[in-house]
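Peer 1: Can you read through this structure? Questions will come right after.
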Amino acid sequence: MTTVKYNTISTNPETDAYALADHIGQTVRLHGAIYKIRRMSGFAFVLLRMRDAIVQCIYSEEYASFPITLLTEEACVRLTAEVVAEERSRTGYELRLKQVQVLSTPYEDLPIVINQKKVNTSLENLLDYRPITLRNEKERAIFHIQAAICAAFREFLIAEHFTEIHSPKIAAIGAEGGANIFKLPYFGKEAYLAQSPQFYKQMMVGVFERVFEIAPVFRAEKHDTSRHLNEYTSVDFEMGYIESFEEIMATENRMLAHCISFLNEHCKTQLTLLGCTLPRIEEIPQIPFSTAKEWIANSCKRKITDMLDFEPEEERLLCELVKKETGSEFVFVTHYPSAKRPFYAMDDPKNPEETLSFDLLFRGLEITTGGQRIHSYQEQLEKLHARGMHEELFEGYLMLHKYGVPPHGGLGLGLERFTAQLLGFENVRSATLFPRDIHRLMP
Ligand code: AMO
């Protein structure tokens with residue numbers, strides 16, 4: 001596999017905190033925001049929030065050519081400092097401030113304390129003050145990890161010959177069906193916000209064979225739960241010339257394993273800060289939906305109320321059972337009932353009541369849906385008609401089937417859900433930069 005360098009650390013101490021150790025005995029320039037000033041007797045610790053880390057500087061009148069009163073928390077500064085070897089320091093050096101250029105100072109004091117280890121407040125407050133709470137070291141680490149997850153997926157998919165695409169987010173029809181679609185006035189017509197890139201990624205299989213996209217999608221979910229957002233980032237891929245839908249699961253299995261080793265390599269500091277233990281991924285176990293349903297019902301003495309889908313509690317219980325039995329924190333549930341899957345899902349020729357599709361559950365929550373798609377024009381028309389859908393509306397999409405497309409399939413993974421489960425959060429909003437939910441449109 002080819003490797004793309006991730007966040008390459010240069011040897012420029014002005015921007016790269018990790019390069020400082022190479023400059024012991026020298027005077028360096030640094031820039032960043034003053035994160036915290038801790039006054040001691042006769043000197044002060046000044047924590048500077050740099051692009052990649054928070055570094056501790058020492059202010060003392062003995063070395064500095066400016067008064068400490070010039071420094072205020074959240075001021076953006078350019079500093080000159082001497083890097084002096086210091087055995088007692090964790091880093092092996094201390095940074096003695098010499099000069100400062102104040103580039104900007106905050107207009108007001110912050111309404112919330114952000115420079116403790118953790119922002120000590122409710123999730124609501126954390127989100128209300130997002131532009132500043134994200135500056136907290138731990139909050140920032142979450143999104144550093146999320147960025148690395150995307151970098152890992154990209155690296156893997158590019159190496160596996162997938163081409164990145166950018167499909168429209170304004171569409172004439174919904175791809176996923178159901179009522180959770182946002183309507184949009186569009187120059188005298190009605191348009192919709194894309195629920196997924198489903199149709200476009202399938203169309204692009206006819207062009208590039210293997211494609212992926214990491215982009216926002218929109219769901220008009222009216223319910224207010226810890227796992228639903230109205231806008232989330234979907235990691236989608238679609239691949240042609242598959243021989244079975246198991247190939248899609250195998251590709252996701254490898255993509256996730258690559259992601260975990262990528263995070264272990266590139267995000268140690270952030271993972272430690274967040275106290276996160278990454279899961280081990282070997283071969284992810286698979287279980288058919290109907291077998292899983294019965295297993296949960298029998299083992300947990302529960303009545304099955306919905307034969308077509310899982311209740312959230314059942315997903316949680318299934319993950320517990322799988323972990324106990326196999327040690328895996330992931331499980332693929334396969335062969336979902338046809339009645340519950342979208343019209344593009346391929347039915348199992350051995351049992352048309354079921355589809356060649358799957359969900360991936362991780363630590364009690366669905367993080368991915370995927371499966372094989374119908375590629376025959378006739379078959380697709382029949383399924384549309386059987387569902388009372390109008391083929392005229394799908395003219396653009398059906399060109400795919402009409403003019404030939406290989407057997408294909410793919411998946412969509414919710415980035416925020418995956419991040420939240422990985423980091424052990426109870427609410428998907430904790431892993432969302434600026435969540436959009438039924439109550440929240442700001443900031
Ligand atoms: P589905 O609708 O199951 O499938 O969505 C795929 C994955 O997206 C995430 N997800 C959500 N995350 C946060 N808030 C939501 N409201 C939300 N809804 C879904 C979940 C889910 O597993 N086109 C298919 C995918 C495919 O078959 O390729 C689709 O969108 O993690």
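Starting from 1 in every chain, residues are counted up; chains themselves are A, B, ... following the order of the structure tokens, and ligands are numbered from 1 as listed.
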As JSON, numbers by chain, please: every residue in segment 352-431 of chain A that a backbone DSSP assignment puts in helix (DSSP H, G or I).
Peer 2: {"A": [377, 378, 379, 380, 381, 382, 383, 384, 385, 386, 391, 392, 393, 394, 395, 396, 397, 398, 399, 400, 401, 402, 415, 416, 417, 418, 419, 420, 421, 422, 423, 428, 429, 430, 431]}
Peer 1: Please give me, as a PyMOL selection string, the residues lying within 8 Å of ligand 1 when counting only C-alpha atoms and all ligand atoms.
Peer 2: chain A and resi 175-176+195-198+218-221+227-234+236-238+345+357+359-360+366-371+409-418+428
Peer 1: Write out as a PyMOL selection string all residues of segment 104-276 of chain A that backbone DSSP assigns to strand (DSSP E).
Peer 2: chain A and resi 104+163-164+170-171+183-186+189-193+210-218+231-240
Peer 1: Env of Ile132 of chain A: 10 Å cut, atoms = only C-alpha atoms, seq-sep filter 6 positions within chain, self excluded. Answer as a PDB file with all heavy atoms, in the first residue's frame.
Peer 2:
```
ATOM      1  N   GLU A  74      -6.077  34.031  25.718  1.00  0.00           N
ATOM      2  CA  GLU A  74      -6.688  34.058  24.384  1.00  0.00           C
ATOM      3  C   GLU A  74      -6.162  35.175  23.474  1.00  0.00           C
ATOM      4  O   GLU A  74      -6.686  35.374  22.383  1.00  0.00           O
ATOM      5  CB  GLU A  74      -8.217  34.041  24.424  1.00  0.00           C
ATOM      6  CG  GLU A  74      -8.797  32.707  24.887  1.00  0.00           C
ATOM      7  CD  GLU A  74      -8.288  31.480  24.118  1.00  0.00           C
ATOM      8  OE1 GLU A  74      -8.349  31.479  22.888  1.00  0.00           O
ATOM      9  OE2 GLU A  74      -7.813  30.528  24.773  1.00  0.00           O
ATOM     10  N   LEU A 110     -13.585  35.391  28.449  1.00  0.00           N
ATOM     11  CA  LEU A 110     -14.395  34.270  27.964  1.00  0.00           C
ATOM     12  C   LEU A 110     -15.560  34.000  28.927  1.00  0.00           C
ATOM     13  O   LEU A 110     -15.394  34.083  30.141  1.00  0.00           O
ATOM     14  CB  LEU A 110     -13.548  32.997  27.858  1.00  0.00           C
ATOM     15  CG  LEU A 110     -12.360  33.004  26.915  1.00  0.00           C
ATOM     16  CD1 LEU A 110     -11.853  31.588  26.708  1.00  0.00           C
ATOM     17  CD2 LEU A 110     -12.722  33.603  25.569  1.00  0.00           C
ATOM     18  N   PRO A 111     -16.728  33.659  28.411  1.00  0.00           N
ATOM     19  CA  PRO A 111     -17.884  33.391  29.275  1.00  0.00           C
ATOM     20  C   PRO A 111     -17.810  32.025  29.962  1.00  0.00           C
ATOM     21  O   PRO A 111     -18.646  31.693  30.788  1.00  0.00           O
ATOM     22  CB  PRO A 111     -19.061  33.425  28.292  1.00  0.00           C
ATOM     23  CG  PRO A 111     -18.459  33.089  26.973  1.00  0.00           C
ATOM     24  CD  PRO A 111     -17.058  33.570  26.990  1.00  0.00           C
ATOM     25  N   ILE A 112     -16.815  31.249  29.601  1.00  0.00           N
ATOM     26  CA  ILE A 112     -16.739  29.873  30.121  1.00  0.00           C
ATOM     27  C   ILE A 112     -15.264  29.499  30.233  1.00  0.00           C
ATOM     28  O   ILE A 112     -14.464  29.941  29.415  1.00  0.00           O
ATOM     29  CB  ILE A 112     -17.530  28.955  29.144  1.00  0.00           C
ATOM     30  CG1 ILE A 112     -17.741  27.581  29.697  1.00  0.00           C
ATOM     31  CG2 ILE A 112     -16.907  28.856  27.789  1.00  0.00           C
ATOM     32  CD1 ILE A 112     -18.872  26.838  28.957  1.00  0.00           C
ATOM     33  N   VAL A 113     -14.929  28.752  31.278  1.00  0.00           N
ATOM     34  CA  VAL A 113     -13.512  28.407  31.478  1.00  0.00           C
ATOM     35  C   VAL A 113     -13.142  27.259  30.539  1.00  0.00           C
ATOM     36  O   VAL A 113     -13.751  26.191  30.584  1.00  0.00           O
ATOM     37  CB  VAL A 113     -13.252  27.986  32.947  1.00  0.00           C
ATOM     38  CG1 VAL A 113     -11.789  27.591  33.145  1.00  0.00           C
ATOM     39  CG2 VAL A 113     -13.643  29.105  33.888  1.00  0.00           C
ATOM     40  N   ILE A 114     -12.174  27.503  29.686  1.00  0.00           N
ATOM     41  CA  ILE A 114     -11.820  26.454  28.710  1.00  0.00           C
ATOM     42  C   ILE A 114     -10.416  25.900  28.932  1.00  0.00           C
ATOM     43  O   ILE A 114     -10.034  24.937  28.279  1.00  0.00           O
ATOM     44  CB  ILE A 114     -11.899  26.977  27.251  1.00  0.00           C
ATOM     45  CG1 ILE A 114     -10.936  28.151  27.036  1.00  0.00           C
ATOM     46  CG2 ILE A 114     -13.306  27.328  26.863  1.00  0.00           C
ATOM     47  CD1 ILE A 114     -10.547  28.339  25.599  1.00  0.00           C
ATOM     48  N   LEU A 126     -21.527  23.293  26.283  1.00  0.00           N
ATOM     49  CA  LEU A 126     -20.355  22.988  25.457  1.00  0.00           C
ATOM     50  C   LEU A 126     -20.664  23.309  23.993  1.00  0.00           C
ATOM     51  O   LEU A 126     -19.840  23.847  23.263  1.00  0.00           O
ATOM     52  CB  LEU A 126     -20.058  21.490  25.607  1.00  0.00           C
ATOM     53  CG  LEU A 126     -18.652  21.002  25.411  1.00  0.00           C
ATOM     54  CD1 LEU A 126     -17.696  21.641  26.394  1.00  0.00           C
ATOM     55  CD2 LEU A 126     -18.609  19.486  25.616  1.00  0.00           C
ATOM     56  N   GLU A 139     -11.251  18.857  23.883  1.00  0.00           N
ATOM     57  CA  GLU A 139     -12.256  19.017  22.828  1.00  0.00           C
ATOM     58  C   GLU A 139     -11.583  19.009  21.463  1.00  0.00           C
ATOM     59  O   GLU A 139     -12.055  18.399  20.509  1.00  0.00           O
ATOM     60  CB  GLU A 139     -13.028  20.329  23.011  1.00  0.00           C
ATOM     61  CG  GLU A 139     -14.007  20.320  24.162  1.00  0.00           C
ATOM     62  CD  GLU A 139     -15.055  19.234  24.038  1.00  0.00           C
ATOM     63  OE1 GLU A 139     -15.669  19.129  22.971  1.00  0.00           O
ATOM     64  OE2 GLU A 139     -15.245  18.482  25.009  1.00  0.00           O
TER      65      GLU A 139
END
```
Peer 1: Could you tell me how far atom CA of Leu193 of chain A sits from atom CA of Met249 of chain A, in Å to one decimal place?
Peer 2: 28.1 Å
Peer 1: Excluding segment 388-400 of chain A and residues on its chain fewer than 3 positions from it, collect all residues at most 8 Å away from it, counting only C-alpha atoms, and give them as a PyMOL selection string.
Peer 2: chain A and resi 173+199-200+202-203+206+377+381+384-385+403-405
Peer 1: Within 10 Å of segment 80-88 of chain A, counting only C-alpha atoms, which residues show up once you throw out same-chain ones fewer than 4 positions away? Write them as number ranges by chain, please.
Peer 2: A: 14, 20-31, 57-59, 63-64, 92-101
Peer 1: Taking N, CA and C atoms for each residue, export the selection above as a PDB file, in the first residue's frame.
Peer 2:
```pdb
ATOM      1  N   GLU A  14       8.483  27.633  14.748  1.00  0.00           N
ATOM      2  CA  GLU A  14       7.432  28.657  14.822  1.00  0.00           C
ATOM      3  C   GLU A  14       6.054  28.023  14.735  1.00  0.00           C
ATOM      4  N   LEU A  20      10.464  21.557  18.690  1.00  0.00           N
ATOM      5  CA  LEU A  20      11.220  22.400  19.626  1.00  0.00           C
ATOM      6  C   LEU A  20      12.442  21.697  20.213  1.00  0.00           C
ATOM      7  N   ALA A  21      12.309  20.395  20.497  1.00  0.00           N
ATOM      8  CA  ALA A  21      13.418  19.667  21.124  1.00  0.00           C
ATOM      9  C   ALA A  21      14.675  19.690  20.255  1.00  0.00           C
ATOM     10  N   ASP A  22      14.501  19.896  18.957  1.00  0.00           N
ATOM     11  CA  ASP A  22      15.666  19.936  18.056  1.00  0.00           C
ATOM     12  C   ASP A  22      16.373  21.286  18.118  1.00  0.00           C
ATOM     13  N   HIS A  23      15.833  22.223  18.898  1.00  0.00           N
ATOM     14  CA  HIS A  23      16.385  23.584  18.894  1.00  0.00           C
ATOM     15  C   HIS A  23      16.945  23.991  20.244  1.00  0.00           C
ATOM     16  N   ILE A  24      17.320  23.019  21.065  1.00  0.00           N
ATOM     17  CA  ILE A  24      17.885  23.333  22.384  1.00  0.00           C
ATOM     18  C   ILE A  24      19.158  24.164  22.185  1.00  0.00           C
ATOM     19  N   GLY A  25      19.253  25.235  22.961  1.00  0.00           N
ATOM     20  CA  GLY A  25      20.420  26.112  22.851  1.00  0.00           C
ATOM     21  C   GLY A  25      20.198  27.243  21.860  1.00  0.00           C
ATOM     22  N   GLN A  26      19.047  27.258  21.223  1.00  0.00           N
ATOM     23  CA  GLN A  26      18.786  28.316  20.225  1.00  0.00           C
ATOM     24  C   GLN A  26      17.634  29.208  20.660  1.00  0.00           C
ATOM     25  N   THR A  27      17.545  30.357  19.992  1.00  0.00           N
ATOM     26  CA  THR A  27      16.396  31.237  20.204  1.00  0.00           C
ATOM     27  C   THR A  27      15.417  30.978  19.058  1.00  0.00           C
ATOM     28  N   VAL A  28      14.144  30.765  19.395  1.00  0.00           N
ATOM     29  CA  VAL A  28      13.161  30.418  18.357  1.00  0.00           C
ATOM     30  C   VAL A  28      11.996  31.404  18.390  1.00  0.00           C
ATOM     31  N   ARG A  29      11.264  31.453  17.282  1.00  0.00           N
ATOM     32  CA  ARG A  29      10.016  32.227  17.243  1.00  0.00           C
ATOM     33  C   ARG A  29       8.854  31.245  17.260  1.00  0.00           C
ATOM     34  N   LEU A  30       7.825  31.582  18.035  1.00  0.00           N
ATOM     35  CA  LEU A  30       6.650  30.718  18.131  1.00  0.00           C
ATOM     36  C   LEU A  30       5.423  31.574  17.910  1.00  0.00           C
ATOM     37  N   HIS A  31       4.356  31.003  17.402  1.00  0.00           N
ATOM     38  CA  HIS A  31       3.105  31.750  17.429  1.00  0.00           C
ATOM     39  C   HIS A  31       1.957  30.868  17.900  1.00  0.00           C
ATOM     40  N   CYS A  57       5.704  27.800  28.471  1.00  0.00           N
ATOM     41  CA  CYS A  57       6.828  28.736  28.448  1.00  0.00           C
ATOM     42  C   CYS A  57       6.989  29.296  29.860  1.00  0.00           C
ATOM     43  N   ILE A  58       8.190  29.841  30.110  1.00  0.00           N
ATOM     44  CA  ILE A  58       8.428  30.445  31.430  1.00  0.00           C
ATOM     45  C   ILE A  58       8.592  31.938  31.222  1.00  0.00           C
ATOM     46  N   TYR A  59       7.834  32.692  31.993  1.00  0.00           N
ATOM     47  CA  TYR A  59       8.030  34.142  31.966  1.00  0.00           C
ATOM     48  C   TYR A  59       8.783  34.539  33.233  1.00  0.00           C
ATOM     49  N   TYR A  63      14.616  37.311  32.073  1.00  0.00           N
ATOM     50  CA  TYR A  63      14.920  37.087  30.653  1.00  0.00           C
ATOM     51  C   TYR A  63      14.051  37.925  29.720  1.00  0.00           C
ATOM     52  N   ALA A  64      12.843  38.281  30.175  1.00  0.00           N
ATOM     53  CA  ALA A  64      11.886  38.905  29.243  1.00  0.00           C
ATOM     54  C   ALA A  64      12.094  40.411  29.143  1.00  0.00           C
ATOM     55  N   GLY A  92      12.366  17.875  28.487  1.00  0.00           N
ATOM     56  CA  GLY A  92      13.833  17.929  28.416  1.00  0.00           C
ATOM     57  C   GLY A  92      14.358  19.340  28.166  1.00  0.00           C
ATOM     58  N   TYR A  93      13.477  20.292  28.053  1.00  0.00           N
ATOM     59  CA  TYR A  93      13.908  21.687  27.867  1.00  0.00           C
ATOM     60  C   TYR A  93      12.891  22.608  28.517  1.00  0.00           C
ATOM     61  N   GLU A  94      13.319  23.895  28.712  1.00  0.00           N
ATOM     62  CA  GLU A  94      12.329  24.906  29.091  1.00  0.00           C
ATOM     63  C   GLU A  94      12.421  26.069  28.123  1.00  0.00           C
ATOM     64  N   LEU A  95      11.288  26.730  27.947  1.00  0.00           N
ATOM     65  CA  LEU A  95      11.211  27.825  26.970  1.00  0.00           C
ATOM     66  C   LEU A  95      11.162  29.144  27.721  1.00  0.00           C
ATOM     67  N   ARG A  96      12.230  29.911  27.627  1.00  0.00           N
ATOM     68  CA  ARG A  96      12.274  31.185  28.355  1.00  0.00           C
ATOM     69  C   ARG A  96      11.842  32.311  27.429  1.00  0.00           C
ATOM     70  N   LEU A  97      10.750  32.972  27.804  1.00  0.00           N
ATOM     71  CA  LEU A  97      10.227  34.041  26.941  1.00  0.00           C
ATOM     72  C   LEU A  97      11.159  35.236  26.952  1.00  0.00           C
ATOM     73  N   LYS A  98      11.386  35.794  25.737  1.00  0.00           N
ATOM     74  CA  LYS A  98      12.254  36.980  25.639  1.00  0.00           C
ATOM     75  C   LYS A  98      11.461  38.181  25.131  1.00  0.00           C
ATOM     76  N   GLN A  99      10.800  38.010  23.983  1.00  0.00           N
ATOM     77  CA  GLN A  99      10.033  39.127  23.409  1.00  0.00           C
ATOM     78  C   GLN A  99       8.643  38.666  23.011  1.00  0.00           C
ATOM     79  N   VAL A 100       7.740  39.647  22.892  1.00  0.00           N
ATOM     80  CA  VAL A 100       6.397  39.303  22.445  1.00  0.00           C
ATOM     81  C   VAL A 100       5.893  40.347  21.455  1.00  0.00           C
ATOM     82  N   GLN A 101       5.141  39.885  20.477  1.00  0.00           N
ATOM     83  CA  GLN A 101       4.392  40.790  19.607  1.00  0.00           C
ATOM     84  C   GLN A 101       2.937  40.339  19.755  1.00  0.00           C
TER      85      GLN A 101
END
```
Peer 1: Between segment 123-142 of chain A and segment 433-438 of chain A, at 10 Å or less, what are the per-residue closest atom pairs and their distances in Å? Count only C-alpha atoms, order by chain and rising residue number, and return it as JSON lines.
Peer 2:
```
{"residue": "A:Leu127", "atom": "CA", "partner": "A:Phe434", "partner_atom": "CA", "distance": 7.2}
{"residue": "A:Asp128", "atom": "CA", "partner": "A:Phe434", "partner_atom": "CA", "distance": 9.3}
{"residue": "A:Arg130", "atom": "CA", "partner": "A:Phe434", "partner_atom": "CA", "distance": 7.1}
{"residue": "A:Pro131", "atom": "CA", "partner": "A:Phe434", "partner_atom": "CA", "distance": 8.8}
{"residue": "A:Leu134", "atom": "CA", "partner": "A:Leu433", "partner_atom": "CA", "distance": 8.1}
{"residue": "A:Glu139", "atom": "CA", "partner": "A:Leu433", "partner_atom": "CA", "distance": 9.5}
{"residue": "A:Arg140", "atom": "CA", "partner": "A:Leu433", "partner_atom": "CA", "distance": 9.6}
{"residue": "A:Ile142", "atom": "CA", "partner": "A:Leu433", "partner_atom": "CA", "distance": 9.3}
```
Peer 1: Using only C-alpha atoms, can you tell me which of A:Ser41, A:Ser167, A:Asn351, A:Thr419 comes closest to Ala215 of chain A?
Peer 2: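 Among A:Ser41, A:Ser167, A:Asn351, A:Thr419, it is A:Ser167 that comes nearest to Ala215 of chain A.
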Peer 1: Counting only C-alpha atoms, what is within 8 Å of Leu47 of chain A, bar same-chain residues fewer than 3 positions away, as a PyMOL selection string?
Peer 2: chain A and resi 34-37+54-57
Peer 1: Restricting the output to all heavy atoms, write the selected residues as a CSV table (one decimal), in the first residue's frame.
Peer 2:
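So the final result, stored in out_4.csv, reads:
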```
chain,number,residue,atom,x,y,z
A,34,ILE,N,-2.5,32.6,23.8
A,34,ILE,CA,-2.1,32.3,25.2
A,34,ILE,C,-3.3,31.5,25.8
A,34,ILE,O,-4.4,32.0,25.9
A,34,ILE,CB,-2.0,33.7,26.0
A,34,ILE,CG1,-1.0,34.6,25.3
A,34,ILE,CG2,-1.7,33.4,27.5
A,34,ILE,CD1,0.5,34.1,25.5
A,35,TYR,N,-3.0,30.3,26.2
A,35,TYR,CA,-4.0,29.4,26.7
A,35,TYR,C,-4.3,29.6,28.2
A,35,TYR,O,-5.4,29.7,28.7
A,35,TYR,CB,-3.6,28.0,26.5
A,35,TYR,CG,-4.6,26.9,26.6
A,35,TYR,CD1,-5.8,27.0,26.0
A,35,TYR,CD2,-4.3,25.7,27.4
A,35,TYR,CE1,-6.7,25.9,26.2
A,35,TYR,CE2,-5.2,24.7,27.5
A,35,TYR,CZ,-6.4,24.8,26.9
A,35,TYR,OH,-7.3,23.8,27.1
A,36,LYS,N,-3.2,29.8,28.9
A,36,LYS,CA,-3.3,29.9,30.4
A,36,LYS,C,-2.1,30.6,30.9
A,36,LYS,O,-0.9,30.3,30.5
A,36,LYS,CB,-3.4,28.5,31.0
A,36,LYS,CG,-3.8,28.5,32.4
A,36,LYS,CD,-4.1,27.1,32.8
A,36,LYS,CE,-4.9,27.0,34.1
A,36,LYS,NZ,-5.3,25.7,34.4
A,37,ILE,N,-2.3,31.5,31.9
A,37,ILE,CA,-1.1,32.1,32.6
A,37,ILE,C,-1.2,31.7,34.1
A,37,ILE,O,-2.3,31.9,34.7
A,37,ILE,CB,-1.2,33.6,32.5
A,37,ILE,CG1,-1.2,34.1,31.0
A,37,ILE,CG2,0.0,34.3,33.3
A,37,ILE,CD1,-1.4,35.6,30.8
A,54,ILE,N,-0.1,22.1,23.1
A,54,ILE,CA,0.0,23.2,24.0
A,54,ILE,C,1.4,23.2,24.7
A,54,ILE,O,1.8,22.1,25.2
A,54,ILE,CB,-1.1,23.1,25.0
A,54,ILE,CG1,-2.4,23.4,24.3
A,54,ILE,CG2,-0.9,24.1,26.2
A,54,ILE,CD1,-3.7,23.3,25.0
A,55,VAL,N,2.2,24.2,24.5
A,55,VAL,CA,3.5,24.2,25.1
A,55,VAL,C,3.6,25.2,26.3
A,55,VAL,O,3.0,26.2,26.3
A,55,VAL,CB,4.6,24.6,24.0
A,55,VAL,CG1,4.6,23.6,22.9
A,55,VAL,CG2,4.4,26.0,23.5
A,56,GLN,N,4.5,24.8,27.2
A,56,GLN,CA,4.7,25.6,28.4
A,56,GLN,C,5.9,26.5,28.2
A,56,GLN,O,7.0,26.0,27.9
A,56,GLN,CB,4.8,24.7,29.6
A,56,GLN,CG,5.0,25.4,30.9
A,56,GLN,CD,5.0,24.5,32.1
A,56,GLN,OE1,3.9,24.1,32.5
A,56,GLN,NE2,6.1,24.2,32.6
A,57,CYS,N,5.7,27.8,28.5
A,57,CYS,CA,6.8,28.7,28.4
A,57,CYS,C,7.0,29.3,29.9
A,57,CYS,O,6.1,29.3,30.7
A,57,CYS,CB,6.6,29.9,27.5
A,57,CYS,SG,6.0,29.4,25.9
```
Peer 1: What gap, in Å, lies between atom CA of Thr432 of chain A and atom CA of Phe156 of chain A?
Peer 2: 23.1 Å
Peer 1: If we count only C-alpha atoms, what is near segment 315-328 of chain A at a cut-off of 12 Å, once residues fewer than 2 positions away on the same chain are taken out, given as a PDB file with C-alpha atoms, in the first residue's frame?
Peer 2:
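So out-v8.pdb came out as:
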```pdb
ATOM      1  CA  PRO A 279     -10.553  -1.688  19.734  1.00  0.00           C
ATOM      2  CA  ARG A 280      -8.695  -4.613  18.214  1.00  0.00           C
ATOM      3  CA  ILE A 281      -9.988  -5.506  14.792  1.00  0.00           C
ATOM      4  CA  GLU A 282      -9.473  -8.948  13.390  1.00  0.00           C
ATOM      5  CA  GLU A 283     -12.032 -10.755  11.312  1.00  0.00           C
ATOM      6  CA  ILE A 284     -15.353  -9.138  12.203  1.00  0.00           C
ATOM      7  CA  PRO A 285     -18.006 -11.801  12.954  1.00  0.00           C
ATOM      8  CA  GLN A 286     -21.188 -11.964  10.862  1.00  0.00           C
ATOM      9  CA  ILE A 287     -24.678 -13.015  11.851  1.00  0.00           C
ATOM     10  CA  PRO A 288     -27.899 -13.066   9.809  1.00  0.00           C
ATOM     11  CA  PHE A 289     -30.554 -10.640  11.026  1.00  0.00           C
ATOM     12  CA  THR A 291     -30.692 -15.433  13.777  1.00  0.00           C
ATOM     13  CA  ALA A 292     -29.570 -12.356  15.719  1.00  0.00           C
ATOM     14  CA  LYS A 293     -33.171 -11.516  16.587  1.00  0.00           C
ATOM     15  CA  GLU A 294     -33.802 -14.979  17.999  1.00  0.00           C
ATOM     16  CA  TRP A 295     -30.483 -15.092  19.833  1.00  0.00           C
ATOM     17  CA  ILE A 296     -31.240 -11.816  21.613  1.00  0.00           C
ATOM     18  CA  ALA A 297     -34.803 -12.896  22.421  1.00  0.00           C
ATOM     19  CA  ASN A 298     -33.699 -16.263  23.830  1.00  0.00           C
ATOM     20  CA  SER A 299     -30.593 -15.121  25.687  1.00  0.00           C
ATOM     21  CA  CYS A 300     -32.050 -11.959  27.139  1.00  0.00           C
ATOM     22  CA  LYS A 301     -35.594 -13.270  27.685  1.00  0.00           C
ATOM     23  CA  ARG A 302     -37.137 -10.558  25.513  1.00  0.00           C
ATOM     24  CA  ASP A 309     -35.711  -4.050  12.448  1.00  0.00           C
ATOM     25  CA  PHE A 310     -33.740  -3.815  15.676  1.00  0.00           C
ATOM     26  CA  GLU A 311     -34.757  -1.700  18.607  1.00  0.00           C
ATOM     27  CA  PRO A 312     -31.783   0.318  19.922  1.00  0.00           C
ATOM     28  CA  GLU A 313     -31.719  -1.890  23.037  1.00  0.00           C
ATOM     29  CA  PHE A 330     -17.860  -5.110  15.993  1.00  0.00           C
ATOM     30  CA  VAL A 331     -20.474  -7.323  14.369  1.00  0.00           C
ATOM     31  CA  PHE A 332     -21.880  -7.446  10.832  1.00  0.00           C
ATOM     32  CA  VAL A 333     -25.597  -8.210  10.769  1.00  0.00           C
ATOM     33  CA  ASP A 359     -25.309  -3.219   8.972  1.00  0.00           C
ATOM     34  CA  LEU A 360     -22.163  -2.929  11.035  1.00  0.00           C
ATOM     35  CA  LEU A 361     -22.744  -2.511  14.764  1.00  0.00           C
ATOM     36  CA  PHE A 362     -19.939  -1.219  16.962  1.00  0.00           C
ATOM     37  CA  ARG A 363     -20.112  -1.064  20.764  1.00  0.00           C
ATOM     38  CA  GLY A 364     -23.911  -1.238  20.701  1.00  0.00           C
ATOM     39  CA  LEU A 365     -24.718   1.122  17.826  1.00  0.00           C
ATOM     40  CA  GLU A 366     -25.214   0.866  14.052  1.00  0.00           C
ATOM     41  CA  ILE A 367     -22.392   2.729  12.354  1.00  0.00           C
TER      42      ILE A 367
END
```
